[in-house]
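Comments concern the structure below.
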Amino acid sequence: MFYTFSNGQINLQNGSFEGPTPALGVPMWQSWWPTPDTQPGAFCVSLTPYDGNSYLGFGYNGISESIGQLLSSPIVKDQVYKFSVALSLSNSTVQFCGALPYPPYPGAFQIWGAKTVGGRSELLWQSDTIDHVGWVEYQGNFRADSNYAYIRLECLNMTATPQPIYLLVDKLSNFYEVHPELWYTSTETELGCTSTLTGKTDSIATEVKIKSRYLDTLNASYTLADTSWSVQLDYSSVKNCGLRKDTLVAIGYFANGYIAYDTMIVVLDCRYDTCARAQVWFISPLASDTINCSFLLEGKTDSLLTSLQLTSKLLGAIPTQLHTIDTSWSGTLSYLGVKNSCNVKVDTLLAVGNFANGEVATDTLVVTIECLLDTCLVLPEDSLKLPLPEEVLVIPNLITPNGDGKNDYFEIVNLALQHRVEIYNLWGEKIYENSAYQNNWQGEEGVYYYLIANDNKQYKGWVQVMR
Ligand SMILES: [Ca+2]
């Protein structure tokens, strides 16, 4: 991640503090009493310049030395600027050539924004505490709350009680307008149910938010000191997260109105399969539904199953189908052929789901079975219809008209509708006919043919009369 520089750049005049050494004041810079010096050469300072031939020696001895200048263009409110500067404490073995004690006390370098020459309106940047002898280049950035035409450079005592310090400064760069950047420093691409992601901004953000496909937008906590941020991600209530990738977009909001993004794609490895506790449940039928002899049972899980056992009290194990796209499952139940199933009236169904992470979830459903007859036995289609009267005529083939009250007449059982009956002898002669037969023919001993008919149907057969 690198800075991108816009055309906006504030040039400093003589940021390397070049000039005759040693001397009071620095060319191109205005000074205020007490006046800093160009170095090396004064106060026994002999450090080789970091850049060019000379550098700035800043003293603090109860009062800060300071210099400043009018900028090539103003520092713009809320704009972020980046710069660098080399800093060291005095390398003289006797501070101020013996005038003051040694070793040198730690100090800090300050850049102030100013509205007027020599003013100190806003502290724009302050270095870490400088307690080292030898050049170290520092990178810094600042954002001003107002526009400033001037800057003022100053050193600051960093001891608990004010002590003399001598701070060396070289190669203060121009101020470069920065378009802020934001990025992840976390490198994990597989996240557990809960994870912490960290990131950075290259300048001070006012806010960092994280957008996730599955979580509500999260506010990252931001550490101003090192422009870092971190965010806690909690997928534990997200179903099916084990199957998914999440796209995390970090958004940094900066005071100057800039918005910076970084995107990270992570695999959610939540206990292999799910962050939420595994669940299996019935969708159809509902417990309140009455079901028929055959029906489709449907269910769902909240994450992918490795297997599902569906068991019926009446039917035993039911084969099921698992659907991976929508994590649904189904099974066909048929009570056809199960005797007394309708007498039992209810069945208990148990679904046991096995998940990849080892979790097992169950659901039970009690169903009420409604069958057309008193059984779900398979019957021929005709048998399911109510019999019509003429189809169940019971026609005797033997009558014994002897007056004992049994089989005395040619009695046709279930003769509900009006029938015509004709009786023929063995020679084909009609010996009896009645168009509205009343079950009252007896006849002489012998064998006869009969014809029983109504408008729709007729029956032919023979009957023997024994006396
Ligand atoms: Ca220099």
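Every chain in the structure tokens has a letter given in the order shown (A, B, ...), and although residue numbers restart at 1 in each chain, ligands are simply numbered from 1 in the order shown.
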Would you write out, as a tab-separated table, a table of all residues in region 103-197 of chain A that have an atom no more than 10 Å from an atom of region 52-68 of chain A, listing for each the closest atom pair and the distance in Å to one decimal, considering only C-alpha atoms and ordering rows by chain and rising residue number?
```
residue	atom	partner	partner_atom	distance
A:Gly107	CA	A:Tyr60	CA	8.7
A:Phe109	CA	A:Phe58	CA	9.1
A:Gln110	CA	A:Ser66	CA	9.5
A:Ile111	CA	A:Gly68	CA	9.3
A:Trp112	CA	A:Gly68	CA	8.9
A:Gly113	CA	A:Gly68	CA	9.6
A:Ala114	CA	A:Gly68	CA	9.1
A:Val117	CA	A:Gly68	CA	7.5
A:Gly118	CA	A:Gly68	CA	6.4
A:Gly119	CA	A:Gly68	CA	8.9
A:Tyr150	CA	A:Gly68	CA	7.0
A:Ile151	CA	A:Gly68	CA	5.4
A:Arg152	CA	A:Gly68	CA	4.1
A:Leu153	CA	A:Ile67	CA	5.4
A:Glu154	CA	A:Ser66	CA	4.6
A:Cys155	CA	A:Ser64	CA	6.1
A:Leu156	CA	A:Ser64	CA	6.7
A:Asn157	CA	A:Tyr60	CA	6.7
A:Pro162	CA	A:Gly62	CA	6.7
A:Gln163	CA	A:Asn61	CA	6.6
A:Pro164	CA	A:Asn61	CA	4.4
A:Ile165	CA	A:Tyr60	CA	5.3
A:Tyr166	CA	A:Gly59	CA	4.6
A:Leu167	CA	A:Phe58	CA	5.0
A:Leu168	CA	A:Gly57	CA	4.7
A:Val169	CA	A:Leu56	CA	5.0
A:Asp170	CA	A:Tyr55	CA	4.9
A:Lys171	CA	A:Tyr55	CA	7.7
A:Leu172	CA	A:Tyr55	CA	9.9
```
With N, CA and C atoms retained, export the selected residues as a compact mmCIF listing (two decimals), in the first residue's frame.
```txt
# COMPACT_ATOMS: atom_id res chain seq x y z
N GLY A 107 13.89 14.98 23.82
CA GLY A 107 12.99 16.06 23.40
C GLY A 107 12.14 15.61 22.23
N PHE A 109 10.14 17.03 18.40
CA PHE A 109 10.09 18.03 17.34
C PHE A 109 8.62 18.32 17.03
N GLN A 110 8.30 19.59 16.88
CA GLN A 110 6.90 19.98 16.65
C GLN A 110 6.76 20.79 15.37
N ILE A 111 5.64 20.58 14.69
CA ILE A 111 5.29 21.42 13.56
C ILE A 111 3.95 22.07 13.89
N TRP A 112 3.94 23.35 13.89
CA TRP A 112 2.72 24.11 14.19
C TRP A 112 2.19 24.74 12.91
N GLY A 113 0.86 24.82 12.82
CA GLY A 113 0.22 25.63 11.79
C GLY A 113 -0.02 27.02 12.37
N ALA A 114 0.17 28.03 11.55
CA ALA A 114 0.04 29.39 12.06
C ALA A 114 -0.69 30.27 11.05
N VAL A 117 2.71 35.30 11.04
CA VAL A 117 4.15 35.05 11.19
C VAL A 117 4.45 34.81 12.67
N GLY A 118 5.11 33.68 12.94
CA GLY A 118 5.49 33.39 14.33
C GLY A 118 4.36 32.90 15.20
N GLY A 119 3.19 32.71 14.61
CA GLY A 119 2.06 32.25 15.42
C GLY A 119 2.13 30.75 15.70
N TYR A 150 1.22 29.70 7.34
CA TYR A 150 2.57 29.62 7.92
C TYR A 150 2.73 28.31 8.70
N ILE A 151 3.99 27.93 8.82
CA ILE A 151 4.31 26.88 9.79
C ILE A 151 5.37 27.43 10.73
N ARG A 152 5.43 26.78 11.88
CA ARG A 152 6.45 27.12 12.87
C ARG A 152 7.01 25.80 13.39
N LEU A 153 8.33 25.69 13.42
CA LEU A 153 9.02 24.50 13.92
C LEU A 153 9.58 24.80 15.30
N GLU A 154 9.47 23.80 16.17
CA GLU A 154 9.85 24.05 17.55
C GLU A 154 10.32 22.74 18.19
N CYS A 155 11.11 22.85 19.24
CA CYS A 155 11.46 21.63 19.98
C CYS A 155 10.84 21.71 21.35
N LEU A 156 10.65 20.55 21.92
CA LEU A 156 9.91 20.47 23.17
C LEU A 156 10.66 19.56 24.14
N ASN A 157 10.78 20.00 25.34
CA ASN A 157 11.39 19.17 26.37
C ASN A 157 10.45 18.03 26.74
N PRO A 162 11.27 20.32 33.28
CA PRO A 162 12.00 20.91 32.15
C PRO A 162 13.51 20.85 32.35
N GLN A 163 14.16 20.28 31.34
CA GLN A 163 15.61 20.16 31.35
C GLN A 163 16.13 20.66 30.01
N PRO A 164 17.32 21.16 29.97
CA PRO A 164 17.86 21.62 28.69
C PRO A 164 17.98 20.47 27.70
N ILE A 165 17.63 20.70 26.47
CA ILE A 165 17.82 19.70 25.42
C ILE A 165 18.47 20.38 24.23
N TYR A 166 19.01 19.55 23.33
CA TYR A 166 19.52 20.10 22.07
C TYR A 166 19.18 19.09 20.97
N LEU A 167 18.25 19.49 20.12
CA LEU A 167 17.69 18.60 19.10
C LEU A 167 18.20 19.03 17.72
N LEU A 168 18.63 18.03 16.94
CA LEU A 168 19.15 18.31 15.60
C LEU A 168 18.10 17.90 14.57
N VAL A 169 17.91 18.74 13.55
CA VAL A 169 16.86 18.50 12.54
C VAL A 169 17.44 18.69 11.16
N ASP A 170 17.16 17.74 10.27
CA ASP A 170 17.64 17.88 8.88
C ASP A 170 16.60 17.30 7.92
N LYS A 171 16.66 17.79 6.73
CA LYS A 171 15.89 17.27 5.60
C LYS A 171 14.40 17.14 5.90
N LEU A 172 13.81 18.26 6.28
CA LEU A 172 12.35 18.28 6.40
C LEU A 172 11.79 18.36 4.97
```
At a cut-off of 8 Å, using only C-alpha atoms, what residues contact Val249 (chain A)? Leave out same-chain residues fewer than 3 positions from it and give the result as a PDB file with C-alpha atoms, in the first residue's frame.
```pdb
ATOM      1  CA  ILE A 210     -16.614  -3.054   7.851  1.00  0.00           C
ATOM      2  CA  LYS A 211     -19.297  -4.342   5.549  1.00  0.00           C
ATOM      3  CA  SER A 212     -19.949  -8.060   5.359  1.00  0.00           C
ATOM      4  CA  TYR A 261     -11.597   1.005   0.614  1.00  0.00           C
ATOM      5  CA  ASP A 262      -9.999  -2.352   0.868  1.00  0.00           C
ATOM      6  CA  THR A 263     -11.618  -5.672   0.172  1.00  0.00           C
ATOM      7  CA  MET A 264     -10.867  -9.073   1.593  1.00  0.00           C
TER       8      MET A 264
END
```
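Residue nearest ligand 1 within the list A:Ser203, A:Leu426, A:Val267, A:Leu87: A:Leu87 [criterion: smallest interatomic distance, only C-alpha atoms and all ligand atoms].
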**Asked** For Phe410 (chain A), which residue out of A:Gln438, A:Ser146, A:Thr38, A:Asn292 is the nearest one, using only C-alpha atoms?
**Response**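 Counting only C-alpha atoms, the residue closest to Phe410 (chain A) is A:Gln438.
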**Prompt:** When you draw a straight line from CA of Pro20 (chain A) to CA of Trp135 (chain A), how long is it in Å?
**Reply:**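 About the pair CA of Pro20 (chain A) and CA of Trp135 (chain A): they are 20.5 Å apart.
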**Message:** Report as a ChimeraX atom specification all protein, DNA and RNA residues lying within 10 Å of Thr223 (chain A), evaluated on only C-alpha atoms, omitting residues in the same chain fewer than 4 positions from it.
**Reply:** /A:200,204-205,227-230
Writer output for current selection, C-alpha atoms, as a compact mmCIF listing (two decimals), in the first residue's frame:
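Generated file (part27.txt):
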```txt
# COMPACT_ATOMS: atom_id res chain seq x y z
CA LYS A 200 -4.25 0.24 8.98
CA ILE A 204 -5.86 9.63 10.47
CA ALA A 205 -9.32 8.36 9.76
CA THR A 227 -3.69 4.68 12.70
CA SER A 228 -4.59 1.04 13.10
CA TRP A 229 -8.02 -0.47 13.39
CA SER A 230 -9.49 -3.79 14.39
```
**Asked** Between A:Trp183, A:Phe175, A:Tyr50, A:Tyr81, which has the minimum distance to ligand 1 (counting only C-alpha atoms and all ligand atoms)?
**Response**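 Looking only at the distances to ligand 1, the closest residue turns out to be A:Tyr50.
Closest approach to ligand 1 among A:Gly8, A:Pro396, A:Gly316, A:Pro49: A:Pro49, based on only C-alpha atoms and all ligand atoms.
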**Request:** Per DSSP on the backbone, filter region 101-297 of chain A down to the residues in strand (DSSP E or B) and report them as number ranges by chain.
**Result:** A: 107-114, 122-126, 130, 136-143, 148-157, 165-170, 175-179, 182-184, 190-191, 194-201, 205-211, 218-219, 221-223, 228-234, 245-254, 259-268, 280-284, 290-291, 294-297
**Request:** Measuring atom to atom with only C-alpha atoms, identify which of A:Thr247, A:Asn434, A:Glu445, A:Asn454 is nearest to Thr189 (chain A).
**Result:** A:Thr247
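Of note, CA of Ala220 (chain A) and CA of Thr194 (chain A) are spaced 14.7 Å apart.
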**Prompt:** In Å to one decimal, how far is CA of Ala149 (chain A) from CA of Ser121 (chain A)?
**Reply:** 10.9 Å
**Asked** Using only C-alpha atoms, which of A:Glu190, A:Ser84, A:Asp226, A:Gln279 sits nearest Ile265 (chain A)?
**Response** A:Glu190
Please report, as an mmCIF file with N, CA and C atoms, in the first residue's frame, each residue of region 87-333 of chain A to which DSSP assigns helix (DSSP H, G or I) when run on this structure's backbone.
```cif
data_model
loop_
_atom_site.group_PDB
_atom_site.id
_atom_site.type_symbol
_atom_site.label_atom_id
_atom_site.label_comp_id
_atom_site.auth_asym_id
_atom_site.auth_seq_id
_atom_site.Cartn_x
_atom_site.Cartn_y
_atom_site.Cartn_z
ATOM 1 N N GLN A 95 27.300 18.405 26.759
ATOM 2 C CA GLN A 95 26.222 19.218 26.212
ATOM 3 C C GLN A 95 26.560 20.697 26.297
ATOM 4 N N PHE A 96 26.288 21.374 25.197
ATOM 5 C CA PHE A 96 26.622 22.800 25.080
ATOM 6 C C PHE A 96 28.087 23.042 25.473
ATOM 7 N N CYS A 97 28.964 22.111 25.075
ATOM 8 C CA CYS A 97 30.404 22.211 25.331
ATOM 9 C C CYS A 97 30.712 22.420 26.813
ATOM 10 N N GLY A 98 30.010 21.700 27.638
ATOM 11 C CA GLY A 98 30.317 21.742 29.060
ATOM 12 C C GLY A 98 29.500 22.751 29.832
ATOM 13 N N CYS A 241 -22.810 -20.960 7.416
ATOM 14 C CA CYS A 241 -21.629 -20.155 7.110
ATOM 15 C C CYS A 241 -20.462 -21.035 6.695
ATOM 16 N N GLY A 242 -20.481 -22.271 7.094
ATOM 17 C CA GLY A 242 -19.399 -23.173 6.722
ATOM 18 C C GLY A 242 -19.293 -23.395 5.237
ATOM 19 N N LEU A 243 -20.346 -23.047 4.538
ATOM 20 C CA LEU A 243 -20.356 -23.279 3.102
ATOM 21 C C LEU A 243 -19.875 -22.081 2.318
#
```
**Item:** Residue neighbourhood Tyr176 (chain A), 7 Å, only C-alpha atoms, exclusion window fewer than 5 positions, as an NGL selection string
**Value:** :A and (5 or 8-10 or 81-83)
**Request:** Compile the contact shell of Tyr409 (chain A) as an MDAnalysis selection string: residues with an atom at most 7 Å away, counting only C-alpha atoms, same-chain residues fewer than 2 positions apart removed.
**Result:** chainID A and resid 399 401 407 411 439:442
